[in-house]
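Colleague: Supplied in structure tokens, the structure appears directly below.
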2 protein chains.
Amino acid sequence: MTAKAPQAPRPVPTLEDVARLAGVSTATVSRCLNTPDRVVKSTRDRVMSAVDQLGYAPNFGARALAAKRTNTIGAIIPTMENAIFARGLQAFQEELGLHGMTLLVASSSYSEDVEREQIRTLCARGADALLLIGHHRSQGTLDFLEARSVPVLVAWVYDPDKPQPSIGFDNRAAMREMAELVIAKGHRRIGVISAPCDSNDRASERVQGIREAMAAHGLPADAMALHETPYSIENGAAAFRQVMDCPDPPTAVMCGNDVLAVGALRAARQMGLSVPDDVSITGFDDIELAQLVDPPLTTVHVPHRDMGRMAARLLVQQLNGDGPMASTRLDTYLCDRETLGVAPRQRRHIAR
Amino acid sequence: MTAKAPQAPRPVPTLEDVARLAGVSTATVSRCLNTPDRVVKSTRDRVMSAVDQLGYAPNFGARALAAKRTNTIGAIIPTMENAIFARGLQAFQEELGLHGMTLLVASSSYSEDVEREQIRTLCARGADALLLIGHHRSQGTLDFLEARSVPVLVAWVYDPDKPQPSIGFDNRAAMREMAELVIAKGHRRIGVISAPCDSNDRASERVQGIREAMAAHGLPADAMALHETPYSIENGAAAFRQVMDCPDPPTAVMCGNDVLAVGALRAARQMGLSVPDDVSITGFDDIELAQLVDPPLTTVHVPHRDMGRMAARLLVQQLNGDGPMASTRLDTYLCDRETLGVAPRQRRHIAR
DNA sequence: GAGATCAGTGTAAGCGCTTACACGGCATCG
DNA sequence: CGATGCCGTGTAAGCGCTTACACTGATCTC
């Protein structure tokens with residue numbers, strides 16, 4: 001019974017439709033939407049009710065085209081799969097929202113090429129600024145960014161020496177601290193499971209941190225058994241089996257992040273190894289999962305939420321013209337839970 | 001030493017710049033980008049090298065404005081926080097990518113109002129179609145959608161009777177099946193921890209499924225202790241404590257999803273209850289976490305990836321003009337792992 | 001060999017919006 | 001009371017792109 005045109009392919013309403021219905025010019029409608037206080041209330045009310053009546057929503061593309069600003073910030077993270085970036089991004093988005101900005105997220109699958117494409121896409125979509133993870137990036141990409149002069153903030157790392165501002169933490173120092181603790185517990189042969197280090201500066205810095213700690217304690221470089229594998233629980237489990245499959249297996253396995261560590265933990269259980277009695281395992285990130293596994297994971301806590309929030313603030317400031325962004329360093333700390341124990345007697349050595 | 005203008009605020013290159021540099025018209029450049037085979041190779045090469053040289057990326061807004069198509073599909077999910085929607089969305093995105101489409105994601109925080117806003121935003125950004133979760137939606141929103149005549153596909157539910165096409169599974173039947181199993185194991189007092197049921201048809205359907213199973217077995221309605229709380233591990237734990245805090249606590253607690261169930265599991269352990277010996281716990285979704293907790297969670301497996309993939313296909317077909325989308329039903333199945341056991345003797349009753 | 005056809009390219013009209021500028025009306029001021 | 005300024009609004013010029021249409025030669029057809 002509703003009065004409805006049978007096949008009305010009613011085109012989406014435009015500013016002009018609203019203007020006509022409200023009996024004003026398009027300029028006035030535009031002002032009602034963007035700077036309401038420059039329009040007298042009576043007019044504004046008329047316009048707004050026309051907007052509602054028509055179900056009008058401004059065309060974003062047209063708006064961006066005319067205004068040369070989108071109030072949109074793009075972020076490209078390596079992956080959405082595991083929760084590593086979720087919390088930080090969530091906080092980032094929340095803070096952006098507070099300032100009337102929108103977030104556009106893309107993921108690069110840890111691929112440099114995909115990332116370059118995503119950067120182009122986000123720029124094409126008019127992102128006013130970009131949040132990227134890590135510094136590793138081809139010269140071509142950097143040139144592109146510079147050519148378009150898009151403000152870029154690099155997150156999840158802190159390196160004040162790079163030309164681009166960054167917000168994050170010192171991956172190397174954080175992992176070194178963990179390695180110090182591992183060594184202090186008596187471990188001498190250390191397995192390391194990391195994401196592939198080339199094109200991932202966070203991964204390589206973390207491994208480097210372990211190397212430094214070992215060197216500082218006079219441990220030979222070959223006391224470290226390094227396996228690289230993409231972040232996933234499955235991969236972590238597989239890598240753990242490989243790391244342990246040798247005549248003289250490590251007594252502690254340090255993982256480049258919690259996802260790998262949880263995989264290692266699971267593999268250890270399946271192999272009948274007790275953690276931390278037979279082997280110690282450490283993670284990095286302190287994602288929610290770290291507390292849920294049994295035993296709870298010893299890991300490095302990263303202030304993801306703070307990082308996201310501050311990243312948003314830096315970017316917003318920059319866009320408001322408050323000068324360039326300054327690299328900012330956040331602190332991490334060790335979460336010494338239950339997967340790191342003192343090194344077991346070196347049974348095999350004794351048995352020989 | 002690099003020859004670089006000192007303060008060159010070089011504006012971003014446009015189609016026209018490319019055309020000028022390549023010595024052709026803007027139409028030709030546009031064609032090179034969109035329909036390369038309609039341009040002779042020699043011209044095309046010239047244009048493409050101009051594109052590279054300038055670091056040109058087409059302005060998406062302008063393109064959408066002129067072409068009236070964005071090759072973008074919008075999706076609004078209730079939350080990105082927990083992994084419930086991640087896997088399905090990932091598959092959705094992958095499949096869309098195969099067809100040259102881009103995904104734009106927004107999250108509504110389970111709020112109807114926020115969702116309405118996000119719908120407007122995505123439409124404004126020119127989404128060619130929308131993927132929404134669940135059918136519950138205000139009339140105003142439905143009107144808006146109809147006014148703009150955006151194709152909408154509803155996911156995570158299956159209900160062929162609704163006007164809008166859906167792809168998903170029968171939440172009620174799936175949960176009923178689980179409840180049947182719980183009852184078959186001898187449980188008579190059943191706790192239920194669900195997300196708030198109003199404005200969440202998946203949650204309410206699942207609860208309804210339990211009711212049906214109980215009724216079918218002659219269990220009185222008050223044998224079910226229902227607690228509603230937003231999805232989170234913490235909330236699941238808190239709700240579990242409440243559900244169990246009564247003179248005659250349930251012997252099984254069925255949770256509306258795995259996140260709540262994991263929380264319940266943790267609370268149970270903290271309370272010194274053994275699962276499933278003292279109390280059984282079930283989940284829903286079969287997210288990765290379900291297998292990681294100890295003991296592994298008995299839950300309902302949902303084919304998230306299939307759902308995402310098929311959703312993308314349906315949408316792409318529709319956009320290619322292959323007729324309207326047909327509601328599609330996917331199957332779920334029980335994952336009877338280790339948190340569901342036979343009902344313990346009803347100690348309190350005996351003790352009385 | 002004249003006319004039809006077609007491939008490759010250019011011309012130009014918008015797409016829906018913002019905003020500089022112009023304009024009229026009204027309060028303010030010396 | 002005329003000059004001044006401001007406020008609320010309208011006019012119209014683009015923003016960067018796509019695409020219908022027009023045009024030009026070359027190729028074909030009979």
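Residue numbering restarts at 1 for every chain of the structure tokens, chains are lettered A, B, ... in their displayed order, and ligands are numbered from 1 as they appear.
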Using only C-alpha atoms (C1' of nucleotides), find each residue in chain B having at least one atom no more than 7 Å away from chain C; report its shortest atom-to-atom pair and that distance in Å (one decimal), rows by chain then rising number, as a tab-separated table.
Modeller:
```
residue	atom	partner	partner_atom	distance
B:Ser25	CA	C:DG10	C1'	6.3
B:Thr28	CA	C:DT9	C1'	6.9
B:Val39	CA	C:DG8	C1'	6.6
B:Leu65	CA	C:DC15	C1'	4.8
B:Ala66	CA	C:DC15	C1'	4.7
```
Colleague: Could you dump the residues just selected with all heavy atoms as a PDB file, in the first residue's frame?
Modeller:
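Writing done, so here's out.pdb:
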```pdb
ATOM      1  N   SER B  25      46.472  13.658 -26.014  1.00  0.00           N
ATOM      2  CA  SER B  25      45.355  14.283 -25.315  1.00  0.00           C
ATOM      3  C   SER B  25      45.062  13.534 -24.017  1.00  0.00           C
ATOM      4  O   SER B  25      45.497  12.401 -23.826  1.00  0.00           O
ATOM      5  CB  SER B  25      44.113  14.256 -26.192  1.00  0.00           C
ATOM      6  OG  SER B  25      43.565  12.966 -26.201  1.00  0.00           O
ATOM      7  N   THR B  28      43.443  10.133 -24.422  1.00  0.00           N
ATOM      8  CA  THR B  28      44.327   9.010 -24.737  1.00  0.00           C
ATOM      9  C   THR B  28      44.993   8.471 -23.479  1.00  0.00           C
ATOM     10  O   THR B  28      45.093   7.265 -23.282  1.00  0.00           O
ATOM     11  CB  THR B  28      45.382   9.462 -25.759  1.00  0.00           C
ATOM     12  OG1 THR B  28      44.706   9.905 -26.925  1.00  0.00           O
ATOM     13  CG2 THR B  28      46.308   8.326 -26.102  1.00  0.00           C
ATOM     14  N   VAL B  39      44.480   1.462 -27.535  1.00  0.00           N
ATOM     15  CA  VAL B  39      45.513   2.442 -27.873  1.00  0.00           C
ATOM     16  C   VAL B  39      46.672   1.699 -28.527  1.00  0.00           C
ATOM     17  O   VAL B  39      47.035   0.611 -28.087  1.00  0.00           O
ATOM     18  CB  VAL B  39      46.003   3.168 -26.613  1.00  0.00           C
ATOM     19  CG1 VAL B  39      47.118   4.131 -26.948  1.00  0.00           C
ATOM     20  CG2 VAL B  39      44.851   3.868 -25.927  1.00  0.00           C
ATOM     21  N   LEU B  65      33.882  10.152  -9.784  1.00  0.00           N
ATOM     22  CA  LEU B  65      32.928  11.186 -10.160  1.00  0.00           C
ATOM     23  C   LEU B  65      32.548  11.046 -11.626  1.00  0.00           C
ATOM     24  O   LEU B  65      31.381  11.092 -11.996  1.00  0.00           O
ATOM     25  CB  LEU B  65      33.582  12.550  -9.924  1.00  0.00           C
ATOM     26  CG  LEU B  65      32.677  13.754  -9.772  1.00  0.00           C
ATOM     27  CD1 LEU B  65      31.628  13.471  -8.727  1.00  0.00           C
ATOM     28  CD2 LEU B  65      33.508  14.964  -9.397  1.00  0.00           C
ATOM     29  N   ALA B  66      33.556  10.842 -12.430  1.00  0.00           N
ATOM     30  CA  ALA B  66      33.314  10.790 -13.863  1.00  0.00           C
ATOM     31  C   ALA B  66      32.771   9.427 -14.301  1.00  0.00           C
ATOM     32  O   ALA B  66      31.914   9.346 -15.165  1.00  0.00           O
ATOM     33  CB  ALA B  66      34.605  11.108 -14.617  1.00  0.00           C
TER      34      ALA B  66
END
```
Colleague: Find the residues of chain D in contact range of chain A, meaning any atom within 9 Å when counting only C-alpha atoms (C1' of nucleotides), and list them as a PyMOL selection string.
Modeller: chain D and resi 7-10+14-16
Colleague: Counting only C-alpha atoms, which residues of chain A come no farther than 6 Å from chain B, as a tab-separated table (two decimals) with C-alpha atoms, in the first residue's frame?
Modeller:
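Result written to selection00.tsv:
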```tsv
chain	number	residue	atom	x	y	z
A	12	VAL	CA	21.05	9.43	-5.70
A	55	GLY	CA	18.50	10.85	2.37
A	57	ALA	CA	24.91	12.07	1.71
A	58	PRO	CA	27.61	14.22	0.15
A	59	ASN	CA	29.69	12.58	-2.52
A	60	PHE	CA	33.06	12.12	-1.01
A	61	GLY	CA	35.00	12.11	-4.25
A	124	ALA	CA	44.91	8.19	-5.09
A	125	ARG	CA	42.08	8.00	-2.63
A	144	PHE	CA	56.96	8.66	-4.96
A	148	ARG	CA	53.47	13.75	-3.74
```
Colleague: Select from segment 277-349 of chain B everything DSSP, run on the backbone, classes as alpha helix (DSSP H), then give the selection as a PyMOL selection string.
Modeller: chain B and resi 289-292+304-319+347-349
Colleague: Would you output that residue set with C-alpha atoms, as a compact mmCIF listing (two decimals), in the first residue's frame?
Modeller:
```txt
# COMPACT_ATOMS: atom_id res chain seq x y z
CA LEU B 289 41.90 -19.53 19.75
CA ALA B 290 39.46 -22.36 20.37
CA GLN B 291 42.17 -24.92 19.70
CA LEU B 292 44.83 -23.09 21.61
CA HIS B 304 34.19 -18.37 7.66
CA ARG B 305 36.49 -18.52 4.68
CA ASP B 306 33.90 -20.11 2.43
CA MET B 307 31.40 -17.55 3.52
CA GLY B 308 33.74 -14.66 2.73
CA ARG B 309 34.71 -16.08 -0.60
CA MET B 310 31.16 -16.77 -1.69
CA ALA B 311 29.97 -13.40 -0.48
CA ALA B 312 32.52 -11.78 -2.78
CA ARG B 313 31.42 -13.90 -5.71
CA LEU B 314 27.77 -13.09 -5.21
CA LEU B 315 28.47 -9.41 -5.05
CA VAL B 316 30.71 -9.40 -8.09
CA GLN B 317 28.13 -11.32 -10.09
CA GLN B 318 25.45 -8.88 -9.12
CA LEU B 319 27.61 -5.93 -10.11
CA ARG B 347 25.91 -33.33 44.33
CA ARG B 348 23.88 -30.62 45.95
CA HIS B 349 20.63 -32.39 45.34
```
Colleague: Just asking: which residues within segment 85-225 of chain A are strand (DSSP E or B) according to DSSP, as a VMD selection string?
Modeller: chain A and resid 102 to 107 129 to 133 152 to 155 166 to 168 190 to 194 224 to 225
